Each structure stands twice: as C-alpha cells, then as structure tokens.
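Dropping model_26.cif in here (mmCIF, C-alpha atoms):
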```
data_start
#
loop_
_atom_site.label_atom_id
_atom_site.label_comp_id
_atom_site.auth_asym_id
_atom_site.auth_seq_id
_atom_site.Cartn_x
_atom_site.Cartn_y
_atom_site.Cartn_z
CA MET W 1 -66.81 46.03 -21.84
CA THR W 2 -63.25 44.91 -21.08
CA HIS W 3 -63.09 41.34 -19.91
CA LEU W 4 -60.81 40.11 -17.13
CA SER W 5 -57.36 38.83 -18.06
CA MET W 6 -56.28 35.30 -17.11
CA GLU W 7 -53.96 36.86 -14.53
CA GLN W 8 -56.94 38.55 -12.86
CA LEU W 9 -59.03 35.37 -13.02
CA VAL W 10 -56.23 33.30 -11.50
CA ALA W 11 -55.76 35.94 -8.76
CA LEU W 12 -59.44 35.62 -7.81
CA ARG W 13 -58.76 32.06 -6.65
CA GLU W 14 -56.14 33.17 -4.14
CA PRO W 15 -57.29 33.22 -0.50
CA GLY W 16 -55.91 36.71 0.27
CA SER W 17 -57.25 39.82 -1.42
CA GLU W 18 -55.07 40.79 -4.35
CA PRO W 19 -54.96 44.47 -5.42
CA GLY W 20 -57.93 45.12 -7.64
CA SER W 21 -59.68 41.90 -6.73
CA GLN W 22 -62.74 43.69 -5.41
CA ALA W 23 -63.30 45.40 -8.75
CA ALA W 24 -62.68 42.09 -10.51
CA ARG W 25 -65.29 40.38 -8.32
CA ALA W 26 -67.77 43.12 -9.10
CA HIS W 27 -67.07 42.60 -12.79
CA ILE W 28 -67.63 38.84 -12.50
CA ASP W 29 -71.08 39.47 -10.99
CA GLU W 30 -72.06 41.49 -14.03
CA CYS W 31 -70.27 39.70 -16.88
CA PRO W 32 -71.51 36.21 -17.91
CA ALA W 33 -68.50 35.66 -20.21
CA CYS W 34 -65.97 36.24 -17.42
CA ARG W 35 -68.07 34.20 -15.00
CA ALA W 36 -67.99 31.31 -17.49
CA GLU W 37 -64.22 31.74 -17.87
CA LEU W 38 -63.76 31.58 -14.09
CA ASP W 39 -65.91 28.43 -14.02
CA ARG W 40 -63.70 26.91 -16.73
CA LEU W 41 -60.66 27.72 -14.63
CA HIS W 42 -62.18 26.06 -11.54
CA GLN W 43 -63.17 23.02 -13.57
CA ARG W 44 -59.72 22.76 -15.17
CA VAL W 45 -58.06 22.80 -11.75
CA ALA W 46 -60.55 20.18 -10.50
CA ARG W 47 -59.70 18.00 -13.51
CA LEU W 48 -55.97 18.46 -12.87
CA ARG W 49 -56.47 17.25 -9.30
CA ALA W 50 -58.48 14.29 -10.56
CA LEU W 51 -55.83 13.09 -13.02
CA PRO W 52 -54.97 9.44 -12.31
CA PRO W 53 -51.74 9.07 -10.31
CA LEU W 54 -48.70 7.99 -12.31
CA ARG W 55 -46.74 5.04 -10.95
CA PRO W 56 -43.09 4.16 -11.50
CA ALA W 57 -42.45 1.31 -13.94
CA ARG W 58 -39.48 0.08 -11.93
CA ASP W 59 -39.08 -0.59 -8.24
CA ARG W 60 -36.35 1.75 -6.97
CA LEU W 61 -36.39 0.44 -3.38
CA PRO W 62 -33.55 -2.08 -4.03
CA ALA W 63 -31.39 0.78 -5.38
CA VAL W 64 -32.25 2.95 -2.34
CA ARG W 65 -31.31 0.05 -0.04
CA ALA W 66 -28.08 -0.62 -1.92
CA HIS W 67 -27.19 3.05 -1.53
CA LEU W 68 -27.95 3.02 2.21
CA ALA W 69 -25.88 -0.16 2.61
CA ALA W 70 -23.04 1.52 0.70
CA ASP W 71 -23.36 4.50 3.11
CA ARG W 72 -22.93 2.16 6.08
CA ARG W 73 -19.96 0.37 4.50
CA ARG W 74 -18.36 3.67 3.61
CA ARG W 75 -18.64 4.86 7.21
CA GLN W 76 -17.05 1.59 8.35
CA VAL W 77 -14.33 1.91 5.72
CA ARG W 78 -13.61 5.44 6.95
CA TRP W 79 -13.15 4.11 10.46
CA ALA W 80 -11.03 1.34 9.04
CA GLY W 81 -9.21 4.02 7.05
CA LEU W 82 -8.38 5.81 10.28
CA GLY W 83 -7.15 2.47 11.58
CA GLY W 84 -5.14 2.17 8.40
CA LEU W 85 -3.55 5.55 9.02
CA ALA W 86 -2.64 4.45 12.54
CA LEU W 87 -1.18 1.30 11.05
CA ALA W 88 0.74 3.36 8.53
CA ALA W 89 2.13 5.57 11.29
CA SER W 90 3.21 2.61 13.41
CA LEU W 91 4.71 0.90 10.40
CA ALA W 92 6.65 4.02 9.44
CA LEU W 93 7.98 4.09 12.98
CA PHE W 94 8.82 0.40 12.63
CA VAL W 95 10.67 0.98 9.36
CA LEU W 96 12.69 3.80 10.86
CA VAL W 97 13.46 2.16 14.17
CA THR W 98 13.96 -1.50 13.24
CA PRO W 99 17.29 -1.10 11.46
CA VAL W 100 18.65 0.44 14.65
CA LEU W 101 17.32 -2.30 16.95
CA ALA W 102 17.82 -5.25 14.60
CA PRO W 103 19.76 -4.68 11.39
CA VAL W 104 17.89 -5.65 8.21
CA ASP W 105 19.46 -6.81 4.99
CA GLY W 106 19.26 -4.86 1.73
CA ALA W 107 16.40 -6.95 0.32
CA GLU W 108 14.19 -6.39 3.36
CA GLN W 109 15.01 -2.69 3.37
CA ALA W 110 13.85 -2.51 -0.28
CA LEU W 111 10.59 -4.26 0.70
CA SER W 112 10.07 -1.76 3.52
CA ASN W 113 10.59 1.15 1.13
CA GLU W 114 8.10 -0.31 -1.32
CA LEU W 115 5.66 -0.79 1.54
CA LEU W 116 5.85 2.88 2.46
CA GLU W 117 5.28 3.91 -1.16
CA THR W 118 2.24 1.61 -1.38
CA MET W 119 0.79 3.02 1.85
CA THR W 120 1.28 6.57 0.57
CA ARG W 121 -0.54 5.66 -2.65
CA SER W 122 -3.37 4.13 -0.60
CA GLN W 123 -3.80 7.37 1.38
CA GLN W 124 -3.85 9.44 -1.84
CA LEU W 125 -6.61 7.23 -3.25
CA GLU W 126 -8.62 7.49 -0.03
CA ARG W 127 -8.43 11.27 -0.23
CA ALA W 128 -9.55 11.14 -3.89
CA LEU W 129 -12.49 8.95 -2.92
CA VAL W 130 -13.62 11.40 -0.23
CA ALA W 131 -13.31 14.30 -2.72
CA ILE W 132 -15.64 12.52 -5.17
CA GLU W 133 -18.42 12.64 -2.51
CA PRO W 134 -19.90 9.28 -3.48
CA GLU W 135 -22.86 9.67 -1.05
CA GLU W 136 -24.31 12.42 -3.23
CA ARG W 137 -24.63 10.31 -6.38
CA VAL W 138 -27.55 8.22 -7.59
CA LEU W 139 -26.44 4.64 -8.27
CA ASP W 140 -28.15 1.90 -10.21
CA THR W 141 -28.49 -1.42 -8.40
CA ARG W 142 -25.70 -3.13 -10.39
CA THR W 143 -23.12 -0.41 -9.71
CA ALA W 144 -24.10 -0.24 -6.04
CA THR W 145 -23.66 -4.03 -5.77
CA ILE W 146 -20.19 -3.92 -7.35
CA LEU W 147 -19.16 -1.06 -5.07
CA GLY W 148 -20.55 -2.99 -2.10
CA ARG W 149 -18.40 -6.01 -2.95
CA LEU W 150 -15.27 -3.88 -3.30
CA GLU W 151 -15.96 -2.14 0.03
CA ASP W 152 -16.63 -5.48 1.75
CA ARG W 153 -13.29 -6.82 0.49
CA LEU W 154 -11.59 -3.63 1.67
CA GLN W 155 -12.84 -4.31 5.19
CA VAL W 156 -11.46 -7.86 5.06
CA VAL W 157 -8.07 -6.55 3.91
CA ASP W 158 -8.01 -4.01 6.77
CA ARG W 159 -8.75 -6.77 9.29
CA ASP W 160 -6.01 -8.95 7.77
CA LEU W 161 -3.57 -6.05 8.03
CA GLN W 162 -4.15 -5.87 11.78
CA ALA W 163 -3.72 -9.65 12.04
CA ALA W 164 -0.46 -9.43 10.07
CA ASP W 165 1.07 -7.56 13.04
CA LEU W 166 1.33 -10.90 14.85
CA LEU W 167 3.59 -12.43 12.18
CA GLU W 168 7.35 -12.64 12.46
CA ARG W 169 9.78 -10.79 10.22
CA PRO W 170 10.46 -11.03 7.27
CA VAL W 171 7.12 -12.79 6.53
CA ARG W 172 5.34 -9.89 8.23
CA THR W 173 6.81 -7.36 5.81
CA LEU W 174 5.95 -9.51 2.80
CA GLU W 175 2.38 -10.11 4.00
CA ARG W 176 1.87 -6.42 4.73
CA LEU W 177 3.13 -5.48 1.31
CA ARG W 178 0.75 -7.98 -0.32
CA LEU W 179 -2.23 -6.64 1.64
CA TRP W 180 -1.40 -2.96 1.09
CA ARG W 181 -1.03 -3.67 -2.65
CA GLU W 182 -4.48 -5.27 -2.63
CA ARG W 183 -5.85 -2.28 -0.70
CA VAL W 184 -4.46 0.08 -3.35
CA GLY W 185 -6.02 -2.06 -6.10
CA LEU W 186 -9.43 -1.99 -4.40
CA LEU W 187 -9.34 1.77 -3.77
CA ASP W 188 -8.21 2.32 -7.36
CA ALA W 189 -11.20 0.34 -8.62
CA LEU W 190 -13.59 2.31 -6.35
CA VAL W 191 -12.27 5.65 -7.58
CA ASP W 192 -12.34 4.42 -11.17
CA ILE W 193 -16.00 3.35 -10.96
CA HIS W 194 -17.10 6.65 -9.40
CA VAL W 195 -15.12 8.78 -11.86
CA THR W 196 -16.19 6.75 -14.92
CA ARG W 197 -19.82 6.81 -13.83
CA ALA W 198 -19.72 10.54 -13.11
CA SER W 199 -18.28 11.37 -16.53
CA TYR W 200 -20.68 8.94 -18.25
CA ALA W 201 -23.70 10.51 -16.52
CA GLY W 202 -22.31 14.04 -17.02
CA LEU W 203 -22.36 14.74 -13.28
CA MET U 1 -52.61 12.08 2.18
CA ASP U 2 -53.36 9.67 5.00
CA ALA U 3 -51.07 6.84 3.93
CA PHE U 4 -49.67 6.85 7.47
CA ARG U 5 -52.04 7.59 10.30
CA ALA U 6 -50.75 9.35 13.39
CA ALA U 7 -50.75 6.19 15.53
CA GLU U 8 -48.91 4.20 12.85
CA LEU U 9 -46.41 7.00 12.41
CA ASP U 10 -45.68 7.11 16.16
CA ALA U 11 -44.87 3.41 16.02
CA VAL U 12 -42.83 3.57 12.82
CA LEU U 13 -40.77 6.74 13.43
CA PRO U 14 -38.42 5.28 16.07
CA ARG U 15 -37.83 2.24 13.83
CA LEU U 16 -37.11 4.51 10.87
CA ARG U 17 -34.63 6.48 12.94
CA ALA U 18 -32.94 3.21 13.87
CA GLY U 19 -32.65 2.32 10.17
CA ASP U 20 -35.06 -0.66 10.37
CA PRO U 21 -35.41 -2.02 6.77
CA ALA U 22 -39.02 -3.18 7.32
CA ALA U 23 -40.05 0.30 8.50
CA GLN U 24 -38.22 1.84 5.54
CA GLU U 25 -40.08 -0.43 3.15
CA ALA U 26 -43.44 0.45 4.77
CA LEU U 27 -42.71 4.16 4.36
CA TYR U 28 -41.47 3.69 0.79
CA ARG U 29 -44.55 1.72 -0.26
CA ALA U 30 -46.88 4.24 1.38
CA PHE U 31 -45.42 7.24 -0.43
CA GLU U 32 -43.79 5.78 -3.55
CA SER U 33 -46.71 6.63 -5.83
CA PRO U 34 -47.38 10.22 -4.69
CA VAL U 35 -43.67 11.06 -4.78
CA TYR U 36 -43.28 9.59 -8.27
CA ASN U 37 -46.45 11.30 -9.47
CA LEU U 38 -45.19 14.69 -8.27
CA ALA U 39 -41.73 14.06 -9.78
CA ARG U 40 -43.17 12.88 -13.10
CA ARG U 41 -45.42 15.95 -13.39
CA ILE U 42 -42.38 18.19 -13.00
CA CYS U 43 -39.65 16.22 -14.79
CA ARG U 44 -39.47 15.70 -18.51
CA THR U 45 -38.78 11.95 -18.57
CA THR U 46 -39.76 8.87 -16.60
CA GLU U 47 -36.05 8.19 -15.96
CA ASP U 48 -35.61 11.61 -14.35
CA ALA U 49 -38.74 11.07 -12.27
CA GLU U 50 -37.47 7.68 -11.09
CA ASP U 51 -34.12 9.22 -10.17
CA VAL U 52 -35.98 11.90 -8.18
CA LEU U 53 -37.97 9.14 -6.46
CA GLN U 54 -34.71 7.43 -5.47
CA GLU U 55 -33.00 10.66 -4.38
CA THR U 56 -36.05 11.67 -2.34
CA PHE U 57 -36.22 8.47 -0.32
CA LEU U 58 -32.45 8.42 0.19
CA GLU U 59 -32.68 11.94 1.60
CA VAL U 60 -35.73 11.00 3.70
CA PHE U 61 -34.07 7.91 5.20
CA ARG U 62 -30.77 9.70 5.78
CA SER U 63 -32.36 12.69 7.50
CA ILE U 64 -35.42 11.15 9.18
CA GLY U 65 -33.77 12.10 12.48
CA ARG U 66 -34.39 15.75 11.61
CA TYR U 67 -38.15 15.22 11.16
CA ARG U 68 -39.67 16.30 14.47
CA GLY U 69 -43.30 15.57 13.63
CA ASP U 70 -44.32 19.27 13.67
CA GLY U 71 -46.01 19.12 10.27
CA SER U 72 -47.41 16.17 8.36
CA LEU U 73 -44.94 13.53 7.23
CA TRP U 74 -46.28 13.75 3.68
CA GLY U 75 -45.77 17.54 3.76
CA TRP U 76 -42.12 17.00 4.68
CA ILE U 77 -41.55 14.26 2.10
CA ARG U 78 -43.34 16.32 -0.55
CA THR U 79 -41.07 19.30 0.07
CA VAL U 80 -38.00 17.06 -0.29
CA ALA U 81 -39.42 15.59 -3.52
CA SER U 82 -40.33 19.00 -4.97
CA SER U 83 -36.86 20.37 -4.24
CA LYS U 84 -35.18 17.34 -5.80
CA ALA U 85 -37.38 17.54 -8.92
CA LEU U 86 -36.80 21.29 -9.37
CA MET U 87 -33.08 20.80 -8.78
CA ARG U 88 -33.05 18.20 -11.55
CA LEU U 89 -34.85 20.63 -13.87
CA ARG U 90 -32.20 23.25 -13.18
CA ARG U 91 -29.40 20.74 -13.65
CA ASN U 92 -30.78 19.65 -16.99
CA LYS U 93 -31.03 23.29 -18.04
CA TYR U 94 -34.62 22.86 -19.13
CA ARG U 95 -35.34 26.38 -17.94
CA ASP U 96 -33.18 27.88 -20.68
CA ALA U 97 -35.31 26.18 -23.31
CA ASP U 98 -38.66 27.01 -21.71
CA GLU U 99 -39.97 29.54 -24.17
CA LEU U 100 -38.50 27.69 -27.14
CA ASP U 101 -40.44 24.60 -26.07
CA GLU U 102 -43.84 26.15 -26.42
CA GLU U 103 -42.97 28.46 -29.30
CA ALA U 104 -41.42 25.60 -31.26
CA ALA U 105 -44.74 23.82 -31.22
CA PRO U 106 -47.29 26.55 -31.98
CA VAL U 107 -50.91 25.58 -31.60
CA ARG U 108 -52.54 25.12 -34.98
CA ARG U 109 -56.17 26.03 -35.53
CA GLU U 110 -57.21 22.42 -35.99
CA ASP U 111 -55.71 21.56 -32.58
CA ALA U 112 -58.69 23.21 -30.95
CA ALA U 113 -60.99 20.87 -32.82
CA LEU U 114 -58.91 17.92 -31.69
CA ARG U 115 -59.65 18.85 -28.06
CA MET U 116 -56.28 17.80 -26.77
CA ASP U 117 -56.66 15.90 -23.54
CA LEU U 118 -55.59 17.54 -20.30
CA GLU U 119 -52.73 15.12 -19.71
CA ALA U 120 -51.23 15.90 -23.13
CA ALA U 121 -51.78 19.63 -22.72
CA LEU U 122 -50.03 19.58 -19.33
CA GLU U 123 -47.12 17.69 -20.88
CA ARG U 124 -46.89 20.30 -23.63
CA LEU U 125 -46.33 23.18 -21.19
CA SER U 126 -42.75 24.23 -20.52
CA PRO U 127 -41.22 22.43 -17.51
CA THR U 128 -41.26 25.62 -15.42
CA ALA U 129 -44.90 26.43 -16.24
CA ARG U 130 -45.94 22.83 -15.64
CA SER U 131 -44.12 22.80 -12.30
CA VAL U 132 -45.86 25.98 -11.16
CA VAL U 133 -49.30 24.69 -12.23
CA TRP U 134 -48.77 21.38 -10.47
CA LEU U 135 -47.24 22.77 -7.28
CA HIS U 136 -49.85 25.53 -6.95
CA ASP U 137 -53.08 24.02 -8.25
CA VAL U 138 -52.63 20.39 -7.24
CA GLU U 139 -50.15 20.27 -4.37
CA GLY U 140 -51.43 23.49 -2.84
CA TYR U 141 -48.20 25.44 -2.44
CA THR U 142 -48.48 29.24 -2.28
CA HIS U 143 -46.72 31.46 -4.83
CA GLU U 144 -44.30 32.52 -2.09
CA GLU U 145 -43.41 28.90 -1.33
CA ILE U 146 -42.98 28.08 -5.02
CA ALA U 147 -40.81 31.17 -5.46
CA GLY U 148 -38.61 29.99 -2.58
CA MET U 149 -38.20 26.52 -4.08
CA MET U 150 -37.51 27.85 -7.58
CA ASP U 151 -35.26 30.65 -6.46
CA ARG U 152 -37.52 33.16 -8.24
CA THR U 153 -40.05 35.80 -7.15
CA ALA U 154 -43.72 35.29 -6.26
CA SER U 155 -44.64 37.53 -9.21
CA PHE U 156 -42.78 35.16 -11.52
CA SER U 157 -44.78 32.24 -10.14
CA LYS U 158 -48.06 34.16 -10.58
CA SER U 159 -47.35 35.16 -14.16
CA GLN U 160 -46.20 31.62 -15.05
CA LEU U 161 -49.47 30.27 -13.65
CA ALA U 162 -51.62 32.75 -15.58
CA ARG U 163 -49.76 32.15 -18.83
CA ALA U 164 -49.96 28.40 -18.35
CA HIS U 165 -53.73 28.57 -17.81
CA ALA U 166 -54.15 30.79 -20.87
CA ARG U 167 -52.29 28.17 -22.92
CA LEU U 168 -54.20 25.25 -21.45
CA ARG U 169 -57.46 27.10 -22.12
CA SER U 170 -56.53 27.66 -25.74
CA TRP U 171 -55.26 24.10 -26.32
CA LEU U 172 -58.19 22.43 -24.62
CA GLY U 173 -60.95 24.53 -26.20
CA GLU U 174 -63.03 23.97 -23.08
CA GLU U 175 -66.76 24.25 -22.69
CA VAL U 176 -68.23 24.96 -19.28
CA ILE U 177 -69.84 21.86 -17.82
CA VAL U 178 -73.09 22.93 -16.12
#
```
Would you mind giving the structure from this file in structure tokens?
Amino acid sequence: MTHLSMEQLVALREPGSEPGSQAARAHIDECPACRAELDRLHQRVARLRALPPLRPARDRLPAVRAHLAADRRRRQVRWAGLGGLALAASLALFVLVTPVLAPVDGAEQALSNELLETMTRSQQLERALVAIEPEERVLDTRTATILGRLEDRLQVVDRDLQAADLLERPVRTLERLRLWRERVGLLDALVDIHVTRASYAGL
Amino acid sequence: MDAFRAAELDAVLPRLRAGDPAAQEALYRAFESPVYNLARRICRTTEDAEDVLQETFLEVFRSIGRYRGDGSLWGWIRTVASSKALMRLRRNKYRDADELDEEAAPVRREDAALRMDLEAALERLSPTARSVVWLHDVEGYTHEEIAGMMDRTASFSKSQLARAHARLRSWLGEEVIV
C-alpha cells in the first residue's frame, strides 16, 4: 500500500476540496499509519498555536513617538522652508532693487552677494534632505532626539529670519547672513546624520 | 484577538486619528506582544523583529485614517506587520540562502533521539518555510493570501508548507498523543 505524502496530508486540512482529496480521505479511513500521521500533523499545528508568545526585550514606543514627533517637525520645517523660499525671493528682489533706490557701498554689496550664495546652498540642502526620504527610515531614540533638536533649532532660525525683516540696513543684511549661515549649518548636519546612518545601516 | 473590544475601539479610533498620544500608547500596549511575536517568528533576529515592531506601529499610526473598521483592527495590524516582516526578509536576502540553511545543518540520526523541541525545530527551518508555517498554521492566512504577501504563487506556499512539516516531523520524532 502506498502511503499519503506530506503534501496530501497537509492538503486534507484545507477547507476547500483539493484535487484528489476524496481518494486521500478514503485512504485515511483504511490506513492506520496515515491516520496516525494526520493526527501528528494536527497535534503539531495545535502545539505551534500553543507556543508561548515572545515579547520584545526593549520598549520601542519611545522610538515610535520620537519618529512621529520628527514627522510633525519635518512637516512644519517644510512649511517654514516654503516661507524661507518666499523670503529668499523677496531678498533677491531686495538685493537687485536696493542699489537703484538707495546706493549701497562695496562692502554691503559683497555681503548681499554672500547672502544669496548662502541661501542657494540652503535650498540645495533642503532638496537633498527631501531626496533622502527620512520618513521611511527606522531611527533609534538617540538619533531621533538629535534630529529633533536640530529641527527645533531650524524652526527658531526661520522665525528669527522673519523678525530680521524689521531691522534697519546694514544690520539687517548682517543679521540675515548670520541666520542663513546657521540655517545652512543645521541642514548640513541633518543631511549628514541621515546619510551617515543610511550608509552605516546599509540602507 | 480581543485586545480591543468594539466599544473601546469606537472610543479610541477618533483619538488615534487625531494623533492623541494616550490613545496611541493604549493601542501599542494592546498589540505590542502579538505584533512582536509574529515578527520574531518570521525574522531571523530579535533586532530585526524589534525593527519590524517599530515600523509596523509607525505605519499604523501614520495611516490609521485609512482604517475604516470594515475588518478587525488586529487583522489590519497583522497584515501590516506580516508585510513589514516579509519585506525585511527580502531586504536581508535570506531567501537566497534558504536551501543552504537547512542543507548546511543536516539532521543527524541521533537528533531524533534528542527530540528537539518544537521551538528549536521551528527556528531551524529556513526563513521562508518558517514564515509560511507561521502565517498559515498559526495566523490562519490562506495560501493565496500568503502568495500575495510573498510575491510568489499559491503552489509555492503549499509546497513550502508540506516540506516544512516533513522536516519538522523528522526532527521532532513525534509520537501520537492519544
């Protein structure tokens, strides 16, 4: 007598009727060895279901929360980034128009040129950050906290940039340059952390 | 899985959609263990399983607005967790080493006498075979559903299950308990 294969025994547990299952059932009725094998299969599955649940050694909720908080900050930074672009546009207009309305000296013109370069660098870094898709990466709590601090500081800088509009020239140009330099430094650090982490984790 | 009863869920869902941290913690605590258990049964290491746990809840909290309450909440979370775990398997290229895994550690005759315990035998299966056994026999997915998640055919899932049971049978040296 040919006994049933494991594939046939496993198929007998399926709710629908597999091809050949009727013949297999008839065989089970007549063959004690195959009946015992089917019982073993049922018991093995019951034991699998009864295995004690495994629990994580570490609490990952803080990391999940840090990630969600980073998501929120990132959305705010993007809005601020749009604000930054508007600022950049208005400042570019300012740089182009001001010499016509009120002549600037050579030193201030050099500051204005440096300001434009810094703003351009800031926009390049923002684009790089978006391309990294930071939302898709798993972060440990420490990294998420560092990123959170950098993003918080970025928001403060963006607010200060808007406030700097109220200052008088040439202090305004100097203050803007200082803030845009800081913005570039912060964005650079954000990109650096994401890129370093991605290459370290092989992502 | 009745970690969240229907009435509780009705109360918690709007808070989850609003991003309420207390509601998120309640959901996390209710399903942390089953999600980790599922991930750990599929993934090779505890670190991978913990990453899957984190990725699963991030996805759940980010897309809770898409859960309409048609099926059970656990069913939805479980599908997210299974997909994340299988994705991690693919990313780690475990599948390529599947056959090597089991062939590299052939069962010796004396192993039968040792009566390897079920937990150890399950661990010894290749990641793909172990995933199919767990998803089908314990979580209750059909071969068609498993095939969809693994990007393979239902026949592949069936043959993996049969081969896995043949191996478990041989490693465990089981007697029928009457």
- Task: Quick one: apply the PyMOL selection byres ((chain U) within 9 of (chain W)) to the file and drop the selected residues here as a PyMOL selection string.
- Result: chain U and resi 21+25+28-29+32-34+36-38+40-41+46+49-51+53-55+57-58+61-62+118-119+122+133-134+137-139+142+158-159+161-163+165-166+168-169+174-177
- Message: Applying the PyMOL selection byres ((chain W and resi 24) around 10) to the file I just gave you, which residues come out? Please list them as JSON, numbers by chain.
- Response: {"W": [3, 4, 5, 8, 9, 11, 12, 18, 19, 20, 21, 22, 23, 25, 26, 27, 28, 29, 34]}
- Message: What's the separation between CA of Leu135 in chain U and CA of Leu73 in chain U, in Å to one decimal place?
- Response: 17.4 Å
- Interatomic distance (Å, one decimal) between CA of Ala164 in chain W and CA of Thr118 in chain W: 16.1 Å
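Note that CA of Gln160 in chain U and CA of Arg124 in chain U are 14.2 Å apart.
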- Query: Given the choices U:Arg130, U:Arg5, U:Arg167, U:Arg15, which gets closest to Gly65 in chain U if the distance is worked out from only C-alpha atoms?
  - Reply: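 Ranked by minimum distance to Gly65 in chain U, first place goes to U:Arg15.
Comparing the minimum interatomic distances between Leu86 in chain U and each of U:Leu27, U:Val52, U:Glu123, U:Gly140, counting only C-alpha atoms, we find that U:Val52 sits nearest.
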- Task: Carefully work through the PyMOL selection byres ((chain W and resi 129) around 10) for this structure and note down the residues it includes, as a ChimeraX atom specification.
- Result: /W:123-128,130-134,187-188,190-192,194-195
- Distance query Ala107 in chain W at most 12 Å, all atoms listed in the file, self and fewer than 6 positions along chain excluded, as a VMD selection string: chain W and resid 113 to 114 170 173 to 174
- Message: Let me make sure I understand: among W:Gly106, W:Gly148, W:Ser112, W:Ala70, which one has the smallest atom-to-atom distance to Val171 in chain W if we use only C-alpha atoms?
- Response: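 Closest to Val171 in chain W of all the choices is W:Ser112.
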- Query: Which residues come within 7 Å of range 78-82 of chain U, counting only C-alpha atoms, excluding same-chain residues fewer than 5 positions away, as a count of residues only?
  - Reply: 4
